[in-house]
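Below is one structure, written out as structure tokens; the observations come after it.
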Amino acid sequence: ALFAQDMPDMWTKSGGNPTHPGLKWFTEAKFGLFIHWGLYSKLGGRWKDSSYYGSGEWIMNRAKAPAAEYAQVAKTFNPQGFDADEWATIAREAGVKYLVITAKHHEGFSMFDSKVTDFDIVKASPYGKDPMKALSRACRDNGIQFGFYYSQFLDWHEPNGGGNSWDFKTKDKDYQQYYRTKSIPQLRELLTNYGPLGLVWFDMPGGLTPEQTKRMIDSLRLLQPNCLFSSRVGHGLGDYRDFGDSEVPPVPIDGAWESIYTHNDSWGYIQHDLNFKSPEEIIHLLSNVASKGGNLMLNVGPDGDGKWPQYSINYLKATGKWLQQYGESIYGTTYGLIPAQPWGVTTSKPGKLFLHVWETPANRKLRIPGVDAKVKSIKILGTRQTLTFTQQPGETTVQLPVTLPDTRNTVLVMEYDGQQS
Ligand code: FHN
């Protein structure tokens, strides 16, 4: 072995379908953008005289708002500030390779032109247009894979939709009817009317047996065989694995998977939430997730006018700047070949180990245990600066220069002889 460690025993398979054609772009992408946008974005964490914090997209449920009353919000939903090209441009500048937006969240409102219901942005809101048409095109124009989030079971607007709503009693619900008349027809619309989708991000499965779920997704797959389905379709039938919200696995995981985080403390826009992750925190999260072998999908919550929080714009652009310098150590990589170190984490490509230096040791000597392969060189990534190192059995030590180009996360690239199997 080129790398002495006992981690491989702990690596587990992520499940899913390893032969799916969409997995190539997905596993190389590493960084995606999640967008929660719906009527709750207009409310911004306020319902009547009360304020809510965290998970703004749950406000209908948390405020126990009656469905008919909540539906009135649509009449004031008019996101004139929405600019698909601007969104896609920020996403590209942030360095994300895919973008996933809520077509319908648990509130039940369709943010796209749907023939299945009147409760959509075209018919129920003064906006009267389909923002998803423009956004799907803008993403493709900017080289970004486009996908839809769709809440396939929870729907608080529908008498037969899943979840705890205050108007409709669970015991009276006919989930089959809901799937037949809304969920499945809408998924078909999404897979038909917006060009080739990178993925459909299902969330919170329920109300179907494994056989019924399989029948549903088999029929959906016929519409777009290249489109990936997230694991939250349930019953182990997804093509890649999503971890829990705000969760990074403790050890590297083989296969295609994703960690999902939100930029502040909520998925949907909350006006009084300014707890945004700094560029440094985002970069560390990204390199940490990549060091375990997965993708980070980071969420932003635009407001009811269609504008992103300024902090999200600024901090994402700062992340994109870092990626311009160090993207080679993120895109197309696999998990690091040595465990996390006091100074940071690693990612890898054939013949290369990328060292993400989060903390500079006081004596500026970076200790890299567990490399048995012959080290050829260690450089600062993106420069020609070669660093002096010594290699002894079990430990390589590299002398860091007095100043590093990026105190948050400079990346060194170690080239070694041989192929890691
Ligand atoms: O309940 C939702 C929540 O609002 C949000 O959409 C997250 C994102 O992963 N998913 C659900 C909870 O797992």
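Following the order of the structure tokens, chains are lettered A, B, ..., residues in each are numbered from 1, and ligands are numbered from 1.
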
task = May I have the residues within 8 Å of ligand 1, computed using only C-alpha atoms and all ligand atoms, as a PyMOL selection string?
result = chain A and resi 36+55-58+105-106+203-204+244-245+260-261+267-268

task = Among the residues of range 184-388 of chain A, find those DSSP assigns to strand (DSSP E) from the backbone and print them as JSON, numbers by chain.
result = {"A": [199, 200, 201, 202, 228, 229, 241, 242, 243, 244, 245, 257, 258, 259, 260, 261, 262, 295, 296, 297, 298, 299, 300, 334, 335, 344, 345, 346, 347, 348, 349, 352, 353, 354, 355, 356, 357, 365, 366, 367, 368, 369, 375, 376, 377, 378, 379, 380]}

Store the residues picked out above, limited to N, CA and C atoms, as a CSV table (one decimal), in the first residue's frame.
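And here is the file that came out, again-v5.csv:
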```
chain,number,residue,atom,x,y,z
A,199,LEU,N,-30.9,16.4,-12.2
A,199,LEU,CA,-31.4,15.5,-11.1
A,199,LEU,C,-32.8,16.0,-10.6
A,200,VAL,N,-33.5,15.1,-10.0
A,200,VAL,CA,-34.7,15.5,-9.2
A,200,VAL,C,-34.4,15.1,-7.8
A,201,TRP,N,-34.5,16.1,-6.9
A,201,TRP,CA,-34.2,16.0,-5.5
A,201,TRP,C,-35.5,15.8,-4.7
A,202,PHE,N,-35.8,14.5,-4.5
A,202,PHE,CA,-37.0,14.1,-3.7
A,202,PHE,C,-36.7,14.4,-2.2
A,228,LEU,N,-30.7,12.0,-12.6
A,228,LEU,CA,-30.5,11.3,-11.3
A,228,LEU,C,-31.7,11.5,-10.4
A,229,PHE,N,-32.0,10.6,-9.5
A,229,PHE,CA,-33.0,10.7,-8.5
A,229,PHE,C,-32.3,10.6,-7.1
A,241,ARG,N,-26.6,9.0,-2.7
A,241,ARG,CA,-27.1,9.1,-1.3
A,241,ARG,C,-27.0,10.5,-0.8
A,242,ASP,N,-28.1,11.0,-0.1
A,242,ASP,CA,-28.0,12.2,0.6
A,242,ASP,C,-27.9,11.9,2.1
A,243,PHE,N,-27.0,12.6,2.7
A,243,PHE,CA,-26.9,12.5,4.2
A,243,PHE,C,-28.0,13.4,4.8
A,244,GLY,N,-28.1,13.3,6.1
A,244,GLY,CA,-29.1,14.1,6.8
A,244,GLY,C,-28.8,15.6,6.6
A,245,ASP,N,-29.7,16.5,6.9
A,245,ASP,CA,-29.5,17.9,6.8
A,245,ASP,C,-28.3,18.3,7.7
A,257,TRP,N,-22.4,10.7,-3.3
A,257,TRP,CA,-23.2,11.2,-2.2
A,257,TRP,C,-23.1,12.7,-2.0
A,258,GLU,N,-23.9,13.2,-1.1
A,258,GLU,CA,-24.0,14.7,-1.0
A,258,GLU,C,-24.3,15.0,0.5
A,259,SER,N,-23.6,16.1,0.9
A,259,SER,CA,-24.0,16.7,2.2
A,259,SER,C,-24.7,18.0,1.9
A,260,ILE,N,-25.7,18.3,2.7
A,260,ILE,CA,-26.6,19.4,2.5
A,260,ILE,C,-26.6,20.4,3.6
A,261,TYR,N,-26.2,21.6,3.4
A,261,TYR,CA,-26.1,22.6,4.4
A,261,TYR,C,-26.8,23.9,3.9
A,262,THR,N,-27.2,24.7,4.8
A,262,THR,CA,-27.8,26.0,4.4
A,262,THR,C,-26.9,27.1,4.9
A,295,ASN,N,-20.1,15.4,-2.3
A,295,ASN,CA,-20.5,16.8,-2.8
A,295,ASN,C,-21.0,17.6,-1.6
A,296,LEU,N,-20.8,18.9,-1.7
A,296,LEU,CA,-21.5,19.8,-0.8
A,296,LEU,C,-22.6,20.5,-1.6
A,297,MET,N,-23.8,20.5,-1.2
A,297,MET,CA,-24.8,21.3,-1.8
A,297,MET,C,-25.2,22.4,-0.7
A,298,LEU,N,-24.9,23.6,-1.0
A,298,LEU,CA,-25.1,24.7,-0.1
A,298,LEU,C,-26.4,25.5,-0.5
A,299,ASN,N,-27.2,25.8,0.5
A,299,ASN,CA,-28.5,26.4,0.2
A,299,ASN,C,-28.5,27.9,0.4
A,300,VAL,N,-29.2,28.6,-0.5
A,300,VAL,CA,-29.5,30.0,-0.2
A,300,VAL,C,-31.0,30.2,-0.3
A,334,THR,N,-11.2,12.6,-5.4
A,334,THR,CA,-11.9,11.7,-4.4
A,334,THR,C,-11.3,11.9,-3.0
A,335,TYR,N,-11.8,11.1,-2.1
A,335,TYR,CA,-11.5,11.4,-0.7
A,335,TYR,C,-10.0,11.4,-0.5
A,344,GLY,N,-5.6,20.1,9.0
A,344,GLY,CA,-6.6,20.2,8.0
A,344,GLY,C,-6.9,18.8,7.4
A,345,VAL,N,-7.3,18.8,6.1
A,345,VAL,CA,-7.8,17.6,5.5
A,345,VAL,C,-7.1,17.4,4.1
A,346,THR,N,-7.3,16.2,3.5
A,346,THR,CA,-6.7,16.0,2.2
A,346,THR,C,-7.8,15.5,1.2
A,347,THR,N,-7.5,15.8,-0.1
A,347,THR,CA,-8.3,15.2,-1.2
A,347,THR,C,-7.3,14.6,-2.1
A,348,SER,N,-7.8,13.8,-3.1
A,348,SER,CA,-6.8,13.2,-4.0
A,348,SER,C,-7.2,13.0,-5.4
A,349,LYS,N,-6.2,12.9,-6.3
A,349,LYS,CA,-6.4,12.5,-7.7
A,349,LYS,C,-5.2,11.5,-7.9
A,352,LYS,N,-1.6,12.3,-6.9
A,352,LYS,CA,-1.5,13.5,-6.2
A,352,LYS,C,-2.3,13.5,-4.9
A,353,LEU,N,-1.7,14.0,-3.9
A,353,LEU,CA,-2.5,14.2,-2.7
A,353,LEU,C,-2.5,15.7,-2.4
A,354,PHE,N,-3.7,16.3,-2.2
A,354,PHE,CA,-3.9,17.7,-2.0
A,354,PHE,C,-4.0,17.9,-0.5
A,355,LEU,N,-3.2,18.8,0.0
A,355,LEU,CA,-3.2,19.0,1.5
A,355,LEU,C,-3.9,20.4,1.7
A,356,HIS,N,-5.0,20.4,2.4
A,356,HIS,CA,-5.7,21.6,2.6
A,356,HIS,C,-5.3,22.1,4.0
A,357,VAL,N,-4.5,23.2,4.0
A,357,VAL,CA,-4.0,23.7,5.3
A,357,VAL,C,-4.9,24.7,5.9
A,365,LYS,N,6.2,23.6,10.5
A,365,LYS,CA,6.5,22.3,9.9
A,365,LYS,C,5.2,21.5,9.9
A,366,LEU,N,4.9,21.1,8.7
A,366,LEU,CA,3.6,20.4,8.5
A,366,LEU,C,3.9,18.9,8.5
A,367,ARG,N,3.4,18.2,9.5
A,367,ARG,CA,3.6,16.7,9.5
A,367,ARG,C,2.5,15.9,8.8
A,368,ILE,N,3.0,15.1,7.9
A,368,ILE,CA,2.0,14.3,7.1
A,368,ILE,C,2.3,12.8,7.3
A,369,PRO,N,1.5,12.2,8.2
A,369,PRO,CA,1.8,10.8,8.5
A,369,PRO,C,1.2,9.9,7.4
A,375,VAL,N,7.5,10.3,-2.3
A,375,VAL,CA,7.1,11.6,-2.6
A,375,VAL,C,8.1,12.2,-3.6
A,376,LYS,N,7.5,12.8,-4.7
A,376,LYS,CA,8.4,13.4,-5.7
A,376,LYS,C,8.5,14.9,-5.4
A,377,SER,N,7.4,15.5,-5.1
A,377,SER,CA,7.5,17.0,-4.9
A,377,SER,C,6.3,17.5,-4.1
A,378,ILE,N,6.5,18.6,-3.4
A,378,ILE,CA,5.4,19.2,-2.7
A,378,ILE,C,5.4,20.7,-3.1
A,379,LYS,N,4.3,21.2,-3.7
A,379,LYS,CA,4.2,22.6,-4.2
A,379,LYS,C,3.0,23.2,-3.6
A,380,ILE,N,3.0,24.6,-3.6
A,380,ILE,CA,1.8,25.3,-3.3
A,380,ILE,C,0.9,25.3,-4.6
```

query = range 158-171 of chain A: which residues within 8 Å, counting only C-alpha atoms, same-chain residues fewer than 2 positions away excluded, as a list of chain:residue names?
reply =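 Once the nearby chain positions are removed, what remains is A:Asn61, A:Lys64, A:Ala65, A:Pro66, A:Ala67, A:Gly108, A:Phe153, A:Leu154, A:Asp155, A:Trp156, A:Lys173, A:Asp174, A:Tyr175, A:Gln177, A:Tyr178, A:Gly206, A:Gly207.
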
Mind dumping the selected residues with N, CA and C atoms as a PDB file, in the first residue's frame?
```
ATOM      1  N   ASN A  61     -46.790  25.422   8.751  1.00  0.00           N
ATOM      2  CA  ASN A  61     -47.001  24.381   9.742  1.00  0.00           C
ATOM      3  C   ASN A  61     -46.808  24.919  11.151  1.00  0.00           C
ATOM      4  N   LYS A  64     -49.436  27.157  12.376  1.00  0.00           N
ATOM      5  CA  LYS A  64     -50.743  26.502  12.259  1.00  0.00           C
ATOM      6  C   LYS A  64     -51.692  27.302  11.361  1.00  0.00           C
ATOM      7  N   ALA A  65     -51.141  27.782  10.259  1.00  0.00           N
ATOM      8  CA  ALA A  65     -51.947  28.602   9.346  1.00  0.00           C
ATOM      9  C   ALA A  65     -52.925  27.720   8.568  1.00  0.00           C
ATOM     10  N   PRO A  66     -54.207  28.048   8.564  1.00  0.00           N
ATOM     11  CA  PRO A  66     -55.161  27.261   7.775  1.00  0.00           C
ATOM     12  C   PRO A  66     -54.817  27.346   6.281  1.00  0.00           C
ATOM     13  N   ALA A  67     -55.002  26.243   5.570  1.00  0.00           N
ATOM     14  CA  ALA A  67     -54.566  26.170   4.161  1.00  0.00           C
ATOM     15  C   ALA A  67     -55.172  27.294   3.323  1.00  0.00           C
ATOM     16  N   GLY A 108     -46.991  23.314  -0.633  1.00  0.00           N
ATOM     17  CA  GLY A 108     -47.874  22.873  -1.715  1.00  0.00           C
ATOM     18  C   GLY A 108     -47.960  23.803  -2.912  1.00  0.00           C
ATOM     19  N   PHE A 153     -44.283  13.908  -1.088  1.00  0.00           N
ATOM     20  CA  PHE A 153     -45.306  13.374  -0.174  1.00  0.00           C
ATOM     21  C   PHE A 153     -45.944  14.504   0.642  1.00  0.00           C
ATOM     22  N   LEU A 154     -45.108  15.262   1.341  1.00  0.00           N
ATOM     23  CA  LEU A 154     -45.669  16.328   2.171  1.00  0.00           C
ATOM     24  C   LEU A 154     -46.287  17.427   1.295  1.00  0.00           C
ATOM     25  N   ASP A 155     -47.541  17.718   1.551  1.00  0.00           N
ATOM     26  CA  ASP A 155     -48.226  18.790   0.847  1.00  0.00           C
ATOM     27  C   ASP A 155     -49.365  19.250   1.742  1.00  0.00           C
ATOM     28  N   TRP A 156     -49.149  20.376   2.423  1.00  0.00           N
ATOM     29  CA  TRP A 156     -50.119  20.847   3.415  1.00  0.00           C
ATOM     30  C   TRP A 156     -51.310  21.561   2.781  1.00  0.00           C
ATOM     31  N   LYS A 173     -57.161  10.822   4.990  1.00  0.00           N
ATOM     32  CA  LYS A 173     -56.367  11.074   3.787  1.00  0.00           C
ATOM     33  C   LYS A 173     -56.212   9.850   2.893  1.00  0.00           C
ATOM     34  N   ASP A 174     -56.267  10.122   1.617  1.00  0.00           N
ATOM     35  CA  ASP A 174     -56.045   9.086   0.616  1.00  0.00           C
ATOM     36  C   ASP A 174     -54.765   9.456  -0.135  1.00  0.00           C
ATOM     37  N   TYR A 175     -53.646   8.949   0.358  1.00  0.00           N
ATOM     38  CA  TYR A 175     -52.359   9.324  -0.236  1.00  0.00           C
ATOM     39  C   TYR A 175     -52.255   8.898  -1.697  1.00  0.00           C
ATOM     40  N   GLN A 177     -54.521   8.837  -3.848  1.00  0.00           N
ATOM     41  CA  GLN A 177     -55.224   9.830  -4.665  1.00  0.00           C
ATOM     42  C   GLN A 177     -54.332  11.046  -4.893  1.00  0.00           C
ATOM     43  N   TYR A 178     -53.638  11.459  -3.827  1.00  0.00           N
ATOM     44  CA  TYR A 178     -52.740  12.621  -3.938  1.00  0.00           C
ATOM     45  C   TYR A 178     -51.593  12.335  -4.925  1.00  0.00           C
ATOM     46  N   GLY A 206     -42.982   9.022   1.792  1.00  0.00           N
ATOM     47  CA  GLY A 206     -44.088   8.533   2.618  1.00  0.00           C
ATOM     48  C   GLY A 206     -45.274   8.139   1.765  1.00  0.00           C
ATOM     49  N   GLY A 207     -46.159   7.344   2.355  1.00  0.00           N
ATOM     50  CA  GLY A 207     -47.447   7.046   1.727  1.00  0.00           C
ATOM     51  C   GLY A 207     -47.420   6.017   0.614  1.00  0.00           C
TER      52      GLY A 207
END
```

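Minimum atom-to-atom distances from A:Met216, A:Leu237, A:Ile59, A:Cys227 to Lys24 in chain A were compared using only C-alpha atoms, and the lowest value belongs to A:Cys227.
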
ask   = When DSSP works through the backbone of this structure, what residues of range 102-290 of chain A end up as helix (DSSP H, G or I), shown as a PyMOL selection string?
value = chain A and resi 131-141+170-172+175-193+210-223+231-233+279-290

task = Write out as a VMD selection string which residues come within 12 Å of range 321-323 of chain A when counting only C-alpha atoms, dropping same-chain ones fewer than 4 positions away.
result = chain A and resid 30 to 31 90 92 to 97 279 to 280 282 to 284 286 to 287 314 to 317 327 to 331 381 to 382 405 to 411

Would you save the residues of that selection, restricted to N, CA and C atoms, as a compact mmCIF listing (two decimals), in the first residue's frame?
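Once everything was written out, this is again.txt:
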```txt
# COMPACT_ATOMS: atom_id res chain seq x y z
N LYS A 30 -18.82 18.14 -7.16
CA LYS A 30 -18.37 18.47 -5.80
C LYS A 30 -19.08 19.63 -5.12
N PHE A 31 -19.57 20.58 -5.90
CA PHE A 31 -20.15 21.77 -5.26
C PHE A 31 -21.44 22.12 -6.00
N ILE A 90 -24.31 34.43 -10.72
CA ILE A 90 -23.73 34.32 -9.36
C ILE A 90 -23.34 32.87 -9.08
N ARG A 92 -22.47 30.58 -11.19
CA ARG A 92 -21.24 30.24 -11.93
C ARG A 92 -20.03 30.86 -11.24
N GLU A 93 -20.17 32.12 -10.85
CA GLU A 93 -19.05 32.78 -10.19
C GLU A 93 -18.72 32.14 -8.85
N ALA A 94 -19.72 31.54 -8.23
CA ALA A 94 -19.49 30.85 -6.95
C ALA A 94 -18.75 29.54 -7.18
N GLY A 95 -18.73 29.08 -8.42
CA GLY A 95 -18.01 27.84 -8.73
C GLY A 95 -18.86 26.58 -8.56
N VAL A 96 -20.19 26.74 -8.44
CA VAL A 96 -21.00 25.53 -8.31
C VAL A 96 -21.21 24.91 -9.69
N LYS A 97 -21.37 23.61 -9.73
CA LYS A 97 -21.55 22.90 -10.99
C LYS A 97 -22.99 22.46 -11.20
N PRO A 279 -16.98 33.08 4.23
CA PRO A 279 -16.30 32.36 3.15
C PRO A 279 -15.37 31.28 3.70
N GLU A 280 -14.67 31.58 4.77
CA GLU A 280 -13.77 30.58 5.35
C GLU A 280 -14.54 29.33 5.80
N ILE A 282 -17.39 28.27 4.63
CA ILE A 282 -17.89 27.54 3.44
C ILE A 282 -16.75 26.74 2.82
N ILE A 283 -15.58 27.38 2.69
CA ILE A 283 -14.43 26.70 2.07
C ILE A 283 -14.02 25.48 2.89
N HIS A 284 -14.00 25.62 4.21
CA HIS A 284 -13.65 24.47 5.05
C HIS A 284 -14.69 23.36 4.93
N LEU A 286 -16.57 22.78 2.36
CA LEU A 286 -16.40 22.18 1.03
C LEU A 286 -15.20 21.24 1.00
N SER A 287 -14.07 21.69 1.55
CA SER A 287 -12.89 20.80 1.48
C SER A 287 -13.07 19.62 2.43
N ASN A 314 -22.14 37.86 -1.67
CA ASN A 314 -20.73 38.19 -1.42
C ASN A 314 -19.91 36.97 -1.02
N TYR A 315 -20.47 36.18 -0.11
CA TYR A 315 -19.68 35.06 0.42
C TYR A 315 -19.55 33.93 -0.60
N LEU A 316 -20.57 33.77 -1.42
CA LEU A 316 -20.45 32.75 -2.46
C LEU A 316 -19.43 33.17 -3.51
N LYS A 317 -19.45 34.46 -3.84
CA LYS A 317 -18.45 34.93 -4.82
C LYS A 317 -17.04 34.77 -4.25
N GLY A 327 -9.37 25.17 -7.29
CA GLY A 327 -10.41 24.23 -7.76
C GLY A 327 -9.88 22.85 -8.12
N GLU A 328 -8.64 22.79 -8.57
CA GLU A 328 -8.07 21.49 -8.94
C GLU A 328 -8.07 20.51 -7.76
N SER A 329 -8.05 21.06 -6.55
CA SER A 329 -8.03 20.20 -5.36
C SER A 329 -9.43 19.81 -4.90
N ILE A 330 -10.45 20.28 -5.62
CA ILE A 330 -11.84 19.98 -5.26
C ILE A 330 -12.54 19.22 -6.40
N TYR A 331 -12.68 19.88 -7.56
CA TYR A 331 -13.42 19.27 -8.67
C TYR A 331 -12.74 17.98 -9.12
N LEU A 381 -0.27 24.78 -4.51
CA LEU A 381 -1.10 24.61 -5.70
C LEU A 381 -1.32 25.95 -6.39
N GLY A 382 -1.24 25.92 -7.70
CA GLY A 382 -1.47 27.14 -8.47
C GLY A 382 -0.25 28.04 -8.54
N PRO A 405 -0.26 31.86 0.77
CA PRO A 405 -1.11 32.73 -0.05
C PRO A 405 -2.53 32.90 0.49
N ASP A 406 -3.04 31.88 1.20
CA ASP A 406 -4.42 32.01 1.70
C ASP A 406 -4.47 31.45 3.12
N THR A 407 -4.57 32.34 4.10
CA THR A 407 -4.50 31.90 5.50
C THR A 407 -5.70 31.02 5.86
N ARG A 408 -6.77 31.06 5.05
CA ARG A 408 -7.95 30.25 5.38
C ARG A 408 -7.74 28.81 4.94
N ASN A 409 -7.22 28.63 3.73
CA ASN A 409 -7.11 27.28 3.18
C ASN A 409 -6.17 27.31 1.98
N THR A 410 -4.88 27.37 2.27
CA THR A 410 -3.91 27.19 1.19
C THR A 410 -3.88 25.70 0.87
N VAL A 411 -3.72 25.37 -0.40
CA VAL A 411 -3.64 23.96 -0.76
C VAL A 411 -2.24 23.65 -1.27
```

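The shortest atom-to-atom distance to Gln224 in chain A, with only C-alpha atoms taken into account, belongs to A:Thr192 out of A:Thr192, A:Ser246, A:Thr76, A:Gln212.
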
message = Just checking: using only C-alpha atoms, which residue out of A:Phe389, A:Arg188, A:His235, A:Gly44 ends up closest to Arg221 in chain A?
response =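 Checking each of A:Phe389, A:Arg188, A:His235, A:Gly44 against Arg221 in chain A, counting only C-alpha atoms, the winner is A:Arg188.
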
message = So, with only C-alpha atoms as the atoms that count, which of A:Phe77, A:Tyr326, A:Phe109, A:Phe26 lies closest to Met60 in chain A?
response = A:Phe109

task = Would you kindly return, as a PyMOL selection string, each protein, DNA or RNA residue with an atom no farther than 8 Å from any atom of Pro205 in chain A, considering only C-alpha atoms and excluding same-chain residues fewer than 5 positions away?
result = chain A and resi 152-153+232-234

request  = Rank nothing, just name the residue among A:Leu274, A:Ala340, A:Leu190, A:Ala318 nearest to Pro252 in chain A, using only C-alpha atoms.
outcome  = A:Ala340
